[in-house]
file start20.tsv (TSV, C-alpha atoms)
chain	number	residue	atom	x	y	z
M	1	GLU	CA	106.11	-59.37	-52.31
M	2	ASP	CA	104.10	-61.15	-49.66
M	3	SER	CA	102.36	-64.47	-50.15
M	4	ALA	CA	100.29	-66.89	-48.13
M	5	PRO	CA	102.36	-69.09	-45.80
M	6	GLY	CA	104.02	-71.93	-47.68
M	7	GLU	CA	102.93	-70.68	-51.10
M	8	ARG	CA	106.17	-69.11	-52.36
M	9	LEU	CA	109.63	-70.31	-51.33
M	10	ALA	CA	113.06	-68.96	-52.13
M	11	LEU	CA	116.08	-71.27	-52.38
M	12	ASP	CA	119.75	-70.39	-52.39
M	13	GLY	CA	123.01	-72.10	-51.54
M	14	THR	CA	126.32	-71.16	-50.00
M	15	SER	CA	129.40	-73.15	-49.06
M	16	CYS	CA	132.25	-73.36	-46.59
M	17	LYS	CA	135.86	-74.20	-47.39
M	18	LYS	CA	135.97	-76.46	-44.35
M	19	THR	CA	134.15	-79.80	-44.24
M	20	SER	CA	132.03	-80.27	-41.14
M	21	LEU	CA	132.29	-83.32	-38.91
M	22	GLY	CA	129.21	-84.68	-40.66
M	23	GLY	CA	130.85	-84.22	-44.05
M	24	SER	CA	128.85	-81.16	-45.13
M	25	LYS	CA	130.35	-78.49	-47.36
M	26	PHE	CA	127.19	-76.90	-48.79
M	27	TRP	CA	124.43	-75.03	-47.00
M	28	TYR	CA	121.08	-74.49	-48.75
M	29	ALA	CA	118.68	-72.04	-47.16
M	30	VAL	CA	114.93	-72.02	-47.86
M	31	LEU	CA	112.83	-68.93	-47.12
M	32	ASP	CA	109.06	-68.65	-46.94
M	33	TYR	CA	107.96	-65.32	-48.41
M	34	GLY	CA	104.75	-65.24	-46.39
M	35	THR	CA	106.26	-65.45	-42.90
M	36	ASP	CA	110.04	-65.01	-43.35
M	37	ILE	CA	110.71	-68.36	-41.68
M	38	ALA	CA	113.88	-70.08	-42.88
M	39	TRP	CA	115.06	-73.68	-42.99
M	40	SER	CA	118.61	-74.92	-43.48
M	41	LEU	CA	119.66	-78.03	-45.39
M	42	PHE	CA	123.26	-79.32	-45.39
M	43	VAL	CA	124.76	-81.67	-47.97
M	44	LYS	CA	128.14	-83.10	-48.90
M	45	LYS	CA	127.67	-82.50	-52.63
M	46	LYS	CA	125.46	-80.16	-54.62
M	47	SER	CA	123.96	-83.15	-56.42
M	48	GLU	CA	122.39	-84.29	-53.11
M	49	MET	CA	120.29	-81.13	-52.78
M	50	PRO	CA	117.41	-81.98	-55.17
M	51	GLU	CA	116.43	-85.15	-53.27
M	52	ARG	CA	116.78	-83.41	-49.90
M	53	MET	CA	114.67	-80.49	-51.07
M	54	LEU	CA	112.03	-82.78	-52.55
M	55	THR	CA	111.75	-84.61	-49.23
M	56	PHE	CA	111.45	-81.26	-47.45
M	57	ILE	CA	108.62	-80.11	-49.74
M	58	LYS	CA	106.74	-83.39	-49.24
M	59	LYS	CA	107.10	-83.09	-45.48
M	60	LEU	CA	105.92	-79.49	-45.57
M	61	ARG	CA	102.83	-80.45	-47.53
M	62	ALA	CA	102.09	-83.43	-45.29
M	63	THR	CA	102.48	-81.67	-41.95
M	64	LYS	CA	100.91	-78.27	-42.67
M	65	LYS	CA	98.99	-78.92	-45.89
M	66	TYR	CA	100.73	-75.93	-47.42
M	67	PRO	CA	100.64	-76.18	-51.22
M	68	VAL	CA	104.02	-74.90	-52.42
M	69	LYS	CA	103.26	-73.20	-55.72
M	70	TYR	CA	106.43	-71.23	-56.52
M	71	ILE	CA	110.15	-71.68	-55.91
M	72	ARG	CA	112.53	-68.84	-56.72
M	73	CYS	CA	116.17	-69.84	-57.26
M	74	ASP	CA	119.10	-69.21	-59.57
M	75	ASN	CA	119.74	-71.25	-62.70
M	76	ALA	CA	122.36	-73.58	-61.23
M	77	GLY	CA	122.32	-77.16	-62.49
M	78	GLU	CA	121.08	-78.69	-59.22
M	79	ASN	CA	118.03	-76.40	-59.30
M	80	TYR	CA	117.06	-77.66	-62.76
M	81	SER	CA	117.42	-81.19	-61.36
M	82	LEU	CA	115.04	-80.23	-58.56
M	83	GLN	CA	112.54	-78.88	-61.09
M	84	LYS	CA	112.72	-82.18	-62.99
M	85	LEU	CA	112.07	-84.17	-59.80
M	86	CYS	CA	109.10	-81.98	-58.87
M	87	ASP	CA	107.65	-82.37	-62.37
M	88	GLN	CA	108.05	-86.15	-62.17
M	89	GLU	CA	106.13	-86.10	-58.88
M	90	GLY	CA	103.36	-84.04	-60.47
M	91	MET	CA	103.66	-81.30	-57.86
M	92	GLY	CA	102.73	-78.46	-60.19
M	93	ILE	CA	105.38	-76.12	-58.78
M	94	GLN	CA	106.37	-73.15	-60.91
M	95	PHE	CA	110.10	-72.38	-60.80
M	96	GLU	CA	111.20	-68.76	-61.10
M	97	PHE	CA	114.83	-68.90	-62.21
M	98	THR	CA	116.99	-65.85	-61.68
M	99	PRO	CA	120.22	-65.08	-63.58
M	100	ARG	CA	123.54	-66.04	-62.05
M	101	ASP	CA	125.44	-63.31	-60.21
M	102	SER	CA	122.23	-61.30	-59.83
M	103	PRO	CA	121.44	-61.47	-56.10
M	104	GLN	CA	119.02	-58.56	-56.37
M	105	PHE	CA	116.46	-60.93	-57.93
M	106	ASN	CA	116.43	-63.04	-54.75
M	107	GLY	CA	117.29	-60.24	-52.35
M	108	ARG	CA	115.28	-61.32	-49.32
M	109	LEU	CA	117.00	-64.68	-49.09
M	110	GLU	CA	120.42	-63.22	-49.92
M	111	ARG	CA	120.06	-60.82	-46.98
M	112	LYS	CA	118.78	-63.62	-44.76
M	113	LEU	CA	121.80	-65.77	-45.58
M	114	ALA	CA	124.16	-62.89	-44.81
M	115	THR	CA	122.45	-62.42	-41.44
M	116	LEU	CA	122.63	-66.14	-40.67
M	117	TRP	CA	126.34	-66.29	-41.53
M	118	THR	CA	127.00	-63.33	-39.23
M	119	ARG	CA	125.06	-64.96	-36.41
M	120	THR	CA	126.89	-68.24	-37.02
M	121	ARG	CA	130.29	-66.58	-36.71
M	122	SER	CA	129.13	-64.76	-33.58
M	123	ILE	CA	128.03	-67.89	-31.76
M	124	LEU	CA	131.24	-69.67	-32.74
M	125	ASN	CA	133.21	-66.74	-31.34
M	126	ALA	CA	131.14	-66.68	-28.14
M	127	ALA	CA	131.82	-70.39	-27.59
M	128	ARG	CA	135.56	-69.64	-27.93
M	129	LEU	CA	136.20	-72.63	-30.15
M	130	ASP	CA	139.63	-73.36	-31.55
M	131	ALA	CA	140.07	-73.42	-35.34
M	132	THR	CA	139.70	-77.19	-35.65
M	133	MET	CA	136.49	-77.26	-33.64
M	134	ARG	CA	135.08	-74.27	-35.52
M	135	ALA	CA	135.64	-76.04	-38.81
M	136	GLY	CA	134.01	-79.22	-37.51
M	137	VAL	CA	130.80	-77.71	-36.14
M	138	TRP	CA	130.13	-74.80	-38.51
M	139	ALA	CA	127.06	-76.56	-39.97
M	140	GLU	CA	125.66	-77.23	-36.50
M	141	ALA	CA	126.18	-73.57	-35.62
M	142	ALA	CA	124.42	-72.54	-38.83
M	143	ARG	CA	121.47	-74.79	-38.01
M	144	HIS	CA	121.28	-73.32	-34.52
M	145	SER	CA	121.47	-69.76	-35.84
M	146	THR	CA	118.51	-70.54	-38.12
M	147	ASP	CA	116.45	-71.78	-35.16
M	148	VAL	CA	117.30	-68.64	-33.20
M	149	ASP	CA	116.43	-66.36	-36.12
M	150	ASN	CA	113.02	-68.01	-36.51
M	151	SER	CA	112.30	-67.30	-32.84
M	152	LEU	CA	113.01	-63.56	-32.86
M	153	VAL	CA	110.64	-60.61	-32.96
M	154	THR	CA	111.92	-57.67	-35.01
M	155	GLU	CA	110.66	-54.26	-36.10
M	156	ARG	CA	109.44	-55.88	-39.30
M	157	LYS	CA	107.75	-58.84	-37.58
M	158	GLU	CA	105.14	-58.52	-34.82
M	159	ALA	CA	105.50	-62.23	-34.02
M	160	PRO	CA	108.34	-64.72	-34.54
M	161	SER	CA	108.46	-66.37	-37.96
M	162	TYR	CA	108.00	-69.79	-36.38
M	163	GLN	CA	104.76	-68.69	-34.75
M	164	GLN	CA	103.48	-67.07	-37.93
M	165	PHE	CA	104.12	-70.18	-40.00
M	166	TYR	CA	103.09	-72.96	-37.63
M	167	GLY	CA	100.37	-71.02	-35.83
M	168	LEU	CA	101.78	-71.58	-32.34
M	169	SER	CA	104.71	-70.42	-30.29
M	170	TRP	CA	107.75	-72.66	-30.08
M	171	LYS	CA	107.79	-74.14	-26.59
M	172	GLY	CA	111.36	-75.31	-27.07
M	173	LEU	CA	112.63	-71.75	-26.86
M	174	LYS	CA	112.82	-71.91	-23.05
M	175	HIS	CA	115.03	-75.00	-23.29
M	176	LEU	CA	117.67	-73.42	-25.53
M	177	HIS	CA	121.21	-73.05	-24.20
M	178	GLN	CA	124.22	-71.20	-25.51
M	179	PHE	CA	125.83	-72.94	-28.45
M	180	GLY	CA	129.09	-74.52	-27.30
M	181	GLU	CA	128.06	-74.91	-23.66
M	182	VAL	CA	129.66	-77.95	-22.06
M	183	ALA	CA	127.65	-80.57	-20.18
M	184	VAL	CA	127.90	-84.09	-18.85
M	185	VAL	CA	125.44	-86.26	-20.74
M	186	LYS	CA	124.35	-89.61	-19.36
M	187	THR	CA	125.56	-92.29	-21.74
M	188	ALA	CA	126.05	-95.23	-19.35
M	189	ALA	CA	124.81	-98.68	-20.25
M	190	GLN	CA	122.07	-100.22	-18.14
M	191	HIS	CA	124.47	-102.68	-16.50
M	192	GLN	CA	128.00	-101.55	-15.67
M	193	SER	CA	130.45	-101.32	-12.82
M	194	LYS	CA	129.58	-98.93	-10.01
M	195	LEU	CA	133.07	-97.43	-10.41
M	196	ASP	CA	132.55	-96.46	-14.05
M	197	ASN	CA	131.49	-92.94	-14.98
M	198	ARG	CA	127.82	-92.57	-15.85
M	199	GLY	CA	128.25	-89.87	-18.47
M	200	ASP	CA	130.51	-88.20	-21.02
M	201	VAL	CA	131.57	-84.59	-21.46
M	202	CYS	CA	129.71	-83.15	-24.47
M	203	MET	CA	129.21	-79.81	-26.18
M	204	TYR	CA	125.74	-78.39	-26.84
M	205	LEU	CA	124.85	-78.01	-30.54
M	206	GLY	CA	121.19	-76.96	-30.37
M	207	LYS	CA	117.74	-78.51	-30.37
M	208	ALA	CA	117.14	-81.98	-31.76
M	209	PRO	CA	114.72	-81.85	-34.72
M	210	ASP	CA	111.64	-84.06	-34.54
M	211	HIS	CA	112.09	-84.68	-30.81
M	212	ALA	CA	110.50	-83.31	-27.66
M	213	ASP	CA	111.27	-79.68	-26.86
M	214	ASP	CA	113.76	-80.52	-24.10
M	215	VAL	CA	115.85	-82.93	-26.20
M	216	HIS	CA	119.18	-81.59	-27.46
M	217	ARG	CA	121.98	-82.42	-29.87
M	218	PHE	CA	125.47	-82.79	-28.40
M	219	LEU	CA	128.97	-83.41	-29.67
M	220	LYS	CA	130.61	-86.15	-27.62
M	221	LEU	CA	134.06	-84.62	-27.17
M	222	SER	CA	135.94	-87.89	-26.71
M	223	THR	CA	134.78	-89.39	-30.01
M	224	LYS	CA	133.48	-86.37	-31.99
M	225	GLN	CA	130.17	-88.19	-32.48
M	226	ILE	CA	126.81	-86.41	-32.38
M	227	ILE	CA	124.33	-87.77	-29.85
M	228	VAL	CA	120.81	-86.80	-28.79
M	229	SER	CA	119.78	-86.62	-25.13
M	230	ARG	CA	117.73	-84.88	-22.46
M	231	ASP	CA	119.58	-86.44	-19.48
M	232	VAL	CA	122.08	-83.62	-18.94
M	233	THR	CA	124.06	-81.93	-16.19
M	234	TRP	CA	125.14	-78.49	-17.38
M	235	LEU	CA	128.61	-77.22	-16.42
M	236	ASN	CA	127.72	-73.54	-17.04
M	237	LYS	CA	130.78	-72.84	-19.16
M	238	VAL	CA	131.46	-72.80	-22.88
M	239	TYR	CA	133.99	-74.98	-24.63
M	240	GLY	CA	136.78	-72.40	-24.65
M	241	ASP	CA	136.48	-71.81	-20.91
M	242	TRP	CA	136.33	-75.54	-20.19
M	243	LYS	CA	139.49	-76.10	-22.27
M	244	GLY	CA	141.22	-73.06	-20.78
M	245	LEU	CA	141.82	-71.50	-24.18
M	246	LYS	CA	143.28	-68.01	-23.92
M	247	ARG	CA	144.22	-67.16	-27.49
M	248	PRO	CA	141.81	-64.88	-29.43
M	249	MET	CA	139.58	-66.82	-31.77
M	250	PRO	CA	139.51	-66.29	-35.56
M	251	GLU	CA	137.12	-63.61	-36.75
M	252	GLU	CA	135.81	-65.60	-39.73
M	253	VAL	CA	134.73	-69.12	-40.54
M	254	VAL	CA	136.91	-70.08	-43.51

call {"tool": "encode", "arguments": {"input": "start20.tsv", "output": "structure tokens"}}
result
Amino acid sequence: EDSAPGERLALDGTSCKKTSLGGSKFWYAVLDYGTDIAWSLFVKKKSEMPERMLTFIKKLRATKKYPVKYIRCDNAGENYSLQKLCDQEGMGIQFEFTPRDSPQFNGRLERKLATLWTRTRSILNAARLDATMRAGVWAEAARHSTDVDNSLVTERKEAPSYQQFYGLSWKGLKHLHQFGEVAVVKTAAQHQSKLDNRGDVCMYLGKAPDHADDVHRFLKLSTKQIIVSRDVTWLNKVYGDWKGLKRPMPEEVV
């Protein structure tokens, strides 16, 4: 069932047994029926989703003037909380609740989530991350896989979902690197000794939202902190190669 862009959204959640470095355990995916574009939201607790989703809807309406009219989701408690928030804001959104354990009623998003999980595992495997690192950055990998998916042309889509929804091609595509690529990122203070290093070894996590197209997110490997930068020297090797890891990586994110 096709709709105008931004008119009908689907919402569904999944989870990971491992807590990410940012504290996330739950992944909520949002799908636009009109263009097949997806967005990913990550939270520590299910109860945080309604506020995050409300902020997302407000931003969507403000930036593209798309009037969200319908949201399809299951009848989990956090979705009823979202409905209550939307009603309090006077948004006039009609919720289409589907029964629990009935994925066929929200099939497009269920299939999208399965695809995104597969792509997430693939990019984690390609980066040759050890089990601890995989567990820490699974949410970042999922966010990156969503960005990649929105940039693809398929048999079903003549143009990428991003282009269909926003009306322009994503210029940041040419700046993307392989998830897990290692780089030296300039982090030096303005005044420091000439003998001190000017940067830190970091791992690429994907594009930085709400920044210029050539600004990226990195994991600072010495502190496990996430930083944002465009001042980068790429080492042209993924994390596993840089660490000299030789053991086969796990097949699944658990």

call {"tool": "closest_residue", "arguments": {"input": "start20.tsv", "among": "M:Gly206, M:Gly23, M:Gly199, M:Gly244", "to": "M:Val232", "atoms": "all atoms listed in the file"}}
result
M:Gly199

call {"tool": "residues_around", "arguments": {"input": "start20.tsv", "residues": "stretch 177-188 of chain M", "least_positions_apart": "3", "cutoff": "9 Å", "atoms": "all atoms listed in the file", "output": "VMD selection string"}}
result
chain M and resid 123 to 124 126 to 129 141 144 174 191 to 192 196 to 207 218 220 229 to 240 242

call {"tool": "atom_distance", "arguments": {"input": "start20.tsv", "atom1": "atom CA of M:Ala212", "atom2": "atom CA of M:Gly34"}}
result
26.7 Å

call {"tool": "closest_residue", "arguments": {"input": "start20.tsv", "among": "M:Phe165, M:Trp170, M:Tyr80, M:Trp117", "to": "M:Asp36", "atoms": "all atoms listed in the file"}}
result
M:Phe165

call {"tool": "atom_distance", "arguments": {"input": "start20.tsv", "atom1": "atom CA of M:Ser81", "atom2": "atom CA of M:Met53"}}
result
10.7 Å

call {"tool": "closest_residue", "arguments": {"input": "start20.tsv", "among": "M:Thr98, M:Asn125, M:Ser40, M:Thr120", "to": "M:Arg72", "atoms": "all atoms listed in the file"}}
result
M:Thr98

call {"tool": "atom_distance", "arguments": {"input": "start20.tsv", "atom1": "atom CA of M:Leu245", "atom2": "atom CA of M:Leu219"}}
result
18.4 Å

call {"tool": "closest_residue", "arguments": {"input": "start20.tsv", "among": "M:Cys73, M:Val228, M:Leu21, M:Ala4", "to": "M:His211", "atoms": "only C-alpha atoms"}}
result
M:Val228

call {"tool": "closest_residue", "arguments": {"input": "start20.tsv", "among": "M:Thr63, M:Asn150, M:Ser15, M:Gln94", "to": "M:Leu31", "atoms": "all atoms listed in the file"}}
result
M:Asn150
